[in-house]
Protein chains: 2
Amino acid sequence: MVEESAKDLSALLRLPPGEPVALAGYDARATPGAPGGKRAGLADSARMGKRLARLQERLWAAGTAGDPRRVLLVLQGMDTSGKGGTVKHVIGHLNPSGCRIQAFKAPTEEERRHDFLWRVRRALPGPGEIGIFDRSHYEDVLIARVRHLVRPAEIGSRYGLINDFERSLAEDGVTVIKCFLHVSYDEQRRRLLRRLDRPDKHWKFDPGDIDERTLWPAYQEAYELALERCAAPYAPWHLVPADRKWYRNWAISRLLLEHLLALDPHYPKADFDVAECRERLLQG
Amino acid sequence: MVEESAKDLSALLRLPPGEPVALAGYDARATPGAPGGKRAGLADSARMGKRLARLQERLWAAGTAGDPRRVLLVLQGMDTSGKGGTVKHVIGHLNPSGCRIQAFKAPTEEERRHDFLWRVRRALPGPGEIGIFDRSHYEDVLIARVRHLVRPAEIGSRYGLINDFERSLAEDGVTVIKCFLHVSYDEQRRRLLRRLDRPDKHWKFDPGDIDERTLWPAYQEAYELALERCAAPYAPWHLVPADRKWYRNWAISRLLLEHLLALDPHYPKADFDVAECRERLLQG
């Protein structure tokens, strides 16, 4: 049962493949496609939570019967853009058994001994699962570029490798939903200051985050390149304005819902004799 | 801030180490320690959900600052006893980022090439995480015993290996909460019949589950042995009556809450100069 308007928001937020991206042209406080203001958005998110959980169960059930399909939500964005908050508020609606969440940090020594996609392949969702990447293989063309962690030529080759990788995922039945959480420079400052104001948020604060801010323009440029070169029809990038948390949560819930509706997973039919099983149970 | 009555339910449901267990003596419909009937239990569970999430965040935050402590919830029980339902309803209250859920199925070929604890060690929660085992290393003294999958002498040696393993976990800062979900033979039949009645539940049904029922007495005996031999002070077994789902969810929420309260994790203090960071942020 696919809704007619099943991919409205996805169409609205999707970046056109291969076209240059100018992040400065996107208002991080915008709320494209929202059902109204904050109150309406929160209410709609709560409603979607229940629908998401039902669809997730169908996806999982189909997976137990051989349906290879699965979903991979990729979250990227500057510090404080809300990757963690999205997992908490959006993925929190789902049955945790069917979710596979991976936060990617600086690669370990073992990970560095392999190609940059090695650790990503190991963290992919299985059939019926919803995978969530909090950061991802895109770090390898973002911080790696900005911080000159690898040679430029190697960075250059990675865009193509990422595209090949994501195409192979699509062929394996993985619906890849890539979201760039677009937070503004000023909003990031406000959020970092709020962390400093609250002792129970200090653990989230790293003074290194302030140093990273000095590299803001370089990061924006690195994002623009990644968004341009790796926005493929089989794995589009969505630009999600993220200065308003309620909108960010609403939009990602909606993107997930649209893709699950389009997948339209079904409970598998019984491959056993129901009446006979009932009889046997009543006897024993 | 530990409540005075912090481990009341744990004390009530905990099986005394080393004493013989007779499962027939425990009423699976009982509701020991419950705050009232179903309505009160559901309300209290909802309240606990919020407290659990707050404590989980503190545990996680402490982990980021070097606190090695973590929690491991081990769920065991016959088919339909509600291991999956517990994950959905209890763990569903938590931030999925801080949870590490592992469902153990029949061992794969690779897993069989290693000792039986190998795959379990790889699935342990890290510092600050809450791990959940849906089935566990106990299968290796349960189905392995009942179905004669390994020699009796080897089964015999496994209880000791499990105790050693769990002691080492405790020494590493892992709070192990083992729960046996005690469902009755009749309630299992009702639940299996209900799965047959609903086409959207057929995917959960396996005709092999009816065959397993014929081995019910052997499984109960295997559980009794495991509960007796592996109930250690550092990793006690809790017998959770599980015929009433609301009670099962309430009790496991409460056990988790009691143990988190006893751990009393704290937000780490800032190891940086807050005022200086604020200054730098306001300048940039």
# chains A, B, ... in the order shown; residues from 1 in each chain; ligands from 1

call {"tool": "residues_around", "arguments": {"residues": "Lys105 in chain A", "least_positions_apart": "2", "cutoff": "8 Å", "atoms": "only C-alpha atoms", "output": "VMD selection string"}}
result
chain A and resid 103 107 135

call {"tool": "residues_around", "arguments": {"residues": "range 122-130 of chain B", "least_positions_apart": "2", "cutoff": "10 Å", "atoms": "only C-alpha atoms", "output": "MDAnalysis selection string"}}
result
chainID B and resid 56:73 91 94:104 117:120 132:133 169 172:175 256 265

call {"tool": "atom_distance", "arguments": {"atom1": "CA of Ser168 in chain B", "atom2": "CA of Arg229 in chain B"}}
result
16.7 Å

call {"tool": "residues_around", "arguments": {"residues": "Leu75 in chain A", "least_positions_apart": "2", "cutoff": "10 Å", "atoms": "only C-alpha atoms", "output": "PDB file with C-alpha atoms, in the first residue's frame"}}
result
ATOM      1  CA  LEU A  72      20.776   2.031   5.422  1.00  0.00           C
ATOM      2  CA  LEU A  73      20.414   5.519   6.823  1.00  0.00           C
ATOM      3  CA  GLY A  77      26.990  16.653   9.328  1.00  0.00           C
ATOM      4  CA  SER A  81      24.311  18.972  13.682  1.00  0.00           C
ATOM      5  CA  GLY A  82      22.318  16.305  15.497  1.00  0.00           C
ATOM      6  CA  LYS A  83      23.444  12.907  14.268  1.00  0.00           C
ATOM      7  CA  GLY A  84      23.215  11.469  17.766  1.00  0.00           C
ATOM      8  CA  THR A  86      18.466  11.754  15.302  1.00  0.00           C
ATOM      9  CA  VAL A  87      19.343   8.249  16.424  1.00  0.00           C
ATOM     10  CA  ALA A 103      29.081   5.256  15.028  1.00  0.00           C
ATOM     11  CA  ILE A 132      22.173   3.575  10.812  1.00  0.00           C
ATOM     12  CA  PHE A 133      25.575   5.113  10.245  1.00  0.00           C
ATOM     13  CA  ASP A 134      26.475   7.988  12.568  1.00  0.00           C
ATOM     14  CA  ARG A 135      29.239   9.293  10.319  1.00  0.00           C
ATOM     15  CA  SER A 136      30.350   6.903   7.611  1.00  0.00           C
ATOM     16  CA  TYR A 138      32.210   9.918   3.830  1.00  0.00           C
ATOM     17  CA  ILE A 177      19.188   7.059   2.445  1.00  0.00           C
ATOM     18  CA  LYS A 178      21.943   9.606   2.807  1.00  0.00           C
ATOM     19  CA  CYS A 179      21.235  12.713   4.882  1.00  0.00           C
ATOM     20  CA  PHE A 180      23.459  15.725   5.261  1.00  0.00           C
ATOM     21  CA  LEU A 181      22.376  17.555   8.401  1.00  0.00           C
ATOM     22  CA  HIS A 238      19.273  14.660   1.010  1.00  0.00           C
ATOM     23  CA  ILE A 252      14.347  12.147   8.756  1.00  0.00           C
TER      24      ILE A 252
END

call {"tool": "closest_residue", "arguments": {"among": "B:Thr214, B:Ser10, B:Ser253, B:Gln220", "to": "chain A", "atoms": "only C-alpha atoms"}}
result
B:Thr214

call {"tool": "interface_residues", "arguments": {"of": "chain A", "to": "chain B", "cutoff": "7 Å", "atoms": "only C-alpha atoms", "output": "VMD selection string"}}
result
chain A and resid 61 87 to 88 92 95 to 97 101 189 193 196 200 202 to 203 207 210 267 to 268 270 274 277 to 278 281

call {"tool": "residues_around", "arguments": {"residues": "Ala22 in chain B", "least_positions_apart": "4", "cutoff": "12 Å", "atoms": "only C-alpha atoms", "output": "number ranges by chain"}}
result
B: 15, 26-27, 182, 217, 220-228, 239

call {"tool": "select_by_dssp", "arguments": {"residues": "range 51-284 of chain A", "states": "strand (DSSP E)", "output": "PyMOL selection string"}}
result
chain A and resi 70-77+99-103+130-134+174-182+237-241

call {"tool": "residues_around", "arguments": {"residues": "Asp8 in chain A", "least_positions_apart": "6", "cutoff": "12 Å", "atoms": "only C-alpha atoms", "output": "PyMOL selection string"}}
result
chain A and resi 14+32-34+251+254-259+261-262

call {"tool": "atom_distance", "arguments": {"atom1": "CA of Leu215 in chain A", "atom2": "CA of Gly18 in chain A"}}
result
25.1 Å

call {"tool": "atom_distance", "arguments": {"atom1": "CA of Leu13 in chain A", "atom2": "CA of Ala40 in chain A"}}
result
19.6 Å

call {"tool": "select_by_dssp", "arguments": {"residues": "range 148-271 of chain B", "states": "helix (DSSP H, G or I)", "output": "MDAnalysis selection string"}}
result
chainID B and resid 152:171 185:197 199:204 208:213 216:229 245:263

call {"tool": "residues_around", "arguments": {"residues": "Ala242 in chain B", "least_positions_apart": "2", "cutoff": "6 Å", "atoms": "only C-alpha atoms", "output": "list in words"}}
result
Ala28, Leu181, His182, Val183, Val240, Arg244 and Arg248 of chain B

call {"tool": "write_last_selection", "arguments": {"atoms": "C-alpha atoms", "output": "mmCIF file, in the first residue's frame"}}
result
data_model
loop_
_atom_site.group_PDB
_atom_site.id
_atom_site.type_symbol
_atom_site.label_atom_id
_atom_site.label_comp_id
_atom_site.auth_asym_id
_atom_site.auth_seq_id
_atom_site.Cartn_x
_atom_site.Cartn_y
_atom_site.Cartn_z
ATOM 1 C CA ALA B 28 4.467 -18.440 36.111
ATOM 2 C CA LEU B 181 11.663 -15.907 31.767
ATOM 3 C CA HIS B 182 9.481 -18.552 33.348
ATOM 4 C CA VAL B 183 6.542 -19.343 31.084
ATOM 5 C CA VAL B 240 10.949 -13.825 36.273
ATOM 6 C CA ARG B 244 1.803 -12.045 32.229
ATOM 7 C CA ARG B 248 7.583 -9.505 32.738
#

call {"tool": "decode", "arguments": {"residues": "range 102-124 of chain A", "atoms": "N, CA, C and O atoms", "output": "mmCIF file, in the first residue's frame"}}
result
data_model
loop_
_atom_site.group_PDB
_atom_site.id
_atom_site.type_symbol
_atom_site.label_atom_id
_atom_site.label_comp_id
_atom_site.auth_asym_id
_atom_site.auth_seq_id
_atom_site.Cartn_x
_atom_site.Cartn_y
_atom_site.Cartn_z
ATOM 1 N N GLN A 102 25.833 2.022 13.898
ATOM 2 C CA GLN A 102 27.284 2.083 13.972
ATOM 3 C C GLN A 102 27.731 3.536 13.969
ATOM 4 O O GLN A 102 27.413 4.279 13.048
ATOM 5 N N ALA A 103 28.464 3.924 15.006
ATOM 6 C CA ALA A 103 29.081 5.256 15.028
ATOM 7 C C ALA A 103 30.528 5.079 14.607
ATOM 8 O O ALA A 103 31.246 4.263 15.172
ATOM 9 N N PHE A 104 30.917 5.815 13.588
ATOM 10 C CA PHE A 104 32.295 5.702 13.102
ATOM 11 C C PHE A 104 33.156 6.814 13.695
ATOM 12 O O PHE A 104 32.842 7.988 13.548
ATOM 13 N N LYS A 105 34.208 6.399 14.367
ATOM 14 C CA LYS A 105 35.166 7.350 14.953
ATOM 15 C C LYS A 105 36.430 7.316 14.093
ATOM 16 O O LYS A 105 36.479 6.654 13.054
ATOM 17 N N ALA A 106 37.460 8.008 14.580
ATOM 18 C CA ALA A 106 38.761 7.912 13.908
ATOM 19 C C ALA A 106 39.120 6.436 13.793
ATOM 20 O O ALA A 106 38.930 5.682 14.743
ATOM 21 N N PRO A 107 39.601 6.006 12.621
ATOM 22 C CA PRO A 107 39.855 4.570 12.427
ATOM 23 C C PRO A 107 40.900 4.032 13.405
ATOM 24 O O PRO A 107 41.861 4.723 13.746
ATOM 25 N N THR A 108 40.672 2.818 13.869
ATOM 26 C CA THR A 108 41.629 2.142 14.746
ATOM 27 C C THR A 108 42.828 1.696 13.908
ATOM 28 O O THR A 108 42.814 1.768 12.675
ATOM 29 N N GLU A 109 43.829 1.201 14.599
ATOM 30 C CA GLU A 109 45.022 0.729 13.906
ATOM 31 C C GLU A 109 44.659 -0.415 12.948
ATOM 32 O O GLU A 109 45.111 -0.447 11.804
ATOM 33 N N GLU A 110 43.823 -1.327 13.445
ATOM 34 C CA GLU A 110 43.421 -2.452 12.594
ATOM 35 C C GLU A 110 42.674 -1.949 11.353
ATOM 36 O O GLU A 110 42.920 -2.409 10.239
ATOM 37 N N GLU A 111 41.781 -0.993 11.570
ATOM 38 C CA GLU A 111 40.997 -0.472 10.449
ATOM 39 C C GLU A 111 41.888 0.220 9.423
ATOM 40 O O GLU A 111 41.645 0.141 8.213
ATOM 41 N N ARG A 112 42.937 0.871 9.917
ATOM 42 C CA ARG A 112 43.841 1.571 8.992
ATOM 43 C C ARG A 112 44.655 0.609 8.131
ATOM 44 O O ARG A 112 45.172 0.989 7.093
ATOM 45 N N ARG A 113 44.754 -0.631 8.605
ATOM 46 C CA ARG A 113 45.508 -1.610 7.806
ATOM 47 C C ARG A 113 44.702 -2.090 6.596
ATOM 48 O O ARG A 113 45.237 -2.765 5.721
ATOM 49 N N HIS A 114 43.417 -1.769 6.565
ATOM 50 C CA HIS A 114 42.560 -2.203 5.450
ATOM 51 C C HIS A 114 42.161 -0.996 4.603
ATOM 52 O O HIS A 114 42.399 0.145 4.987
ATOM 53 N N ASP A 115 41.535 -1.260 3.466
ATOM 54 C CA ASP A 115 41.027 -0.146 2.653
ATOM 55 C C ASP A 115 39.908 0.552 3.421
ATOM 56 O O ASP A 115 39.312 -0.030 4.335
ATOM 57 N N PHE A 116 39.628 1.801 3.041
ATOM 58 C CA PHE A 116 38.746 2.623 3.878
ATOM 59 C C PHE A 116 37.302 2.107 3.943
ATOM 60 O O PHE A 116 36.559 2.486 4.841
ATOM 61 N N LEU A 117 36.910 1.253 3.007
ATOM 62 C CA LEU A 117 35.538 0.733 3.035
ATOM 63 C C LEU A 117 35.408 -0.559 3.859
ATOM 64 O O LEU A 117 34.299 -1.027 4.110
ATOM 65 N N TRP A 118 36.534 -1.097 4.289
ATOM 66 C CA TRP A 118 36.524 -2.376 5.010
ATOM 67 C C TRP A 118 35.617 -2.345 6.233
ATOM 68 O O TRP A 118 34.726 -3.172 6.407
ATOM 69 N N ARG A 119 35.825 -1.322 7.078
ATOM 70 C CA ARG A 119 35.045 -1.295 8.323
ATOM 71 C C ARG A 119 33.580 -0.992 8.072
ATOM 72 O O ARG A 119 32.704 -1.364 8.851
ATOM 73 N N VAL A 120 33.335 -0.330 6.937
ATOM 74 C CA VAL A 120 31.956 0.001 6.591
ATOM 75 C C VAL A 120 31.207 -1.262 6.155
ATOM 76 O O VAL A 120 30.067 -1.506 6.554
ATOM 77 N N ARG A 121 31.870 -2.075 5.339
ATOM 78 C CA ARG A 121 31.248 -3.319 4.880
ATOM 79 C C ARG A 121 30.860 -4.220 6.044
ATOM 80 O O ARG A 121 29.851 -4.899 6.022
ATOM 81 N N ARG A 122 31.714 -4.221 7.068
ATOM 82 C CA ARG A 122 31.456 -5.075 8.226
ATOM 83 C C ARG A 122 30.288 -4.597 9.063
ATOM 84 O O ARG A 122 29.813 -5.321 9.946
ATOM 85 N N ALA A 123 29.860 -3.372 8.876
ATOM 86 C CA ALA A 123 28.817 -2.791 9.725
ATOM 87 C C ALA A 123 27.479 -2.682 8.996
ATOM 88 O O ALA A 123 26.541 -2.078 9.508
ATOM 89 N N LEU A 124 27.393 -3.273 7.817
ATOM 90 C CA LEU A 124 26.166 -3.149 7.026
ATOM 91 C C LEU A 124 25.011 -3.910 7.670
ATOM 92 O O LEU A 124 25.214 -4.937 8.305
#
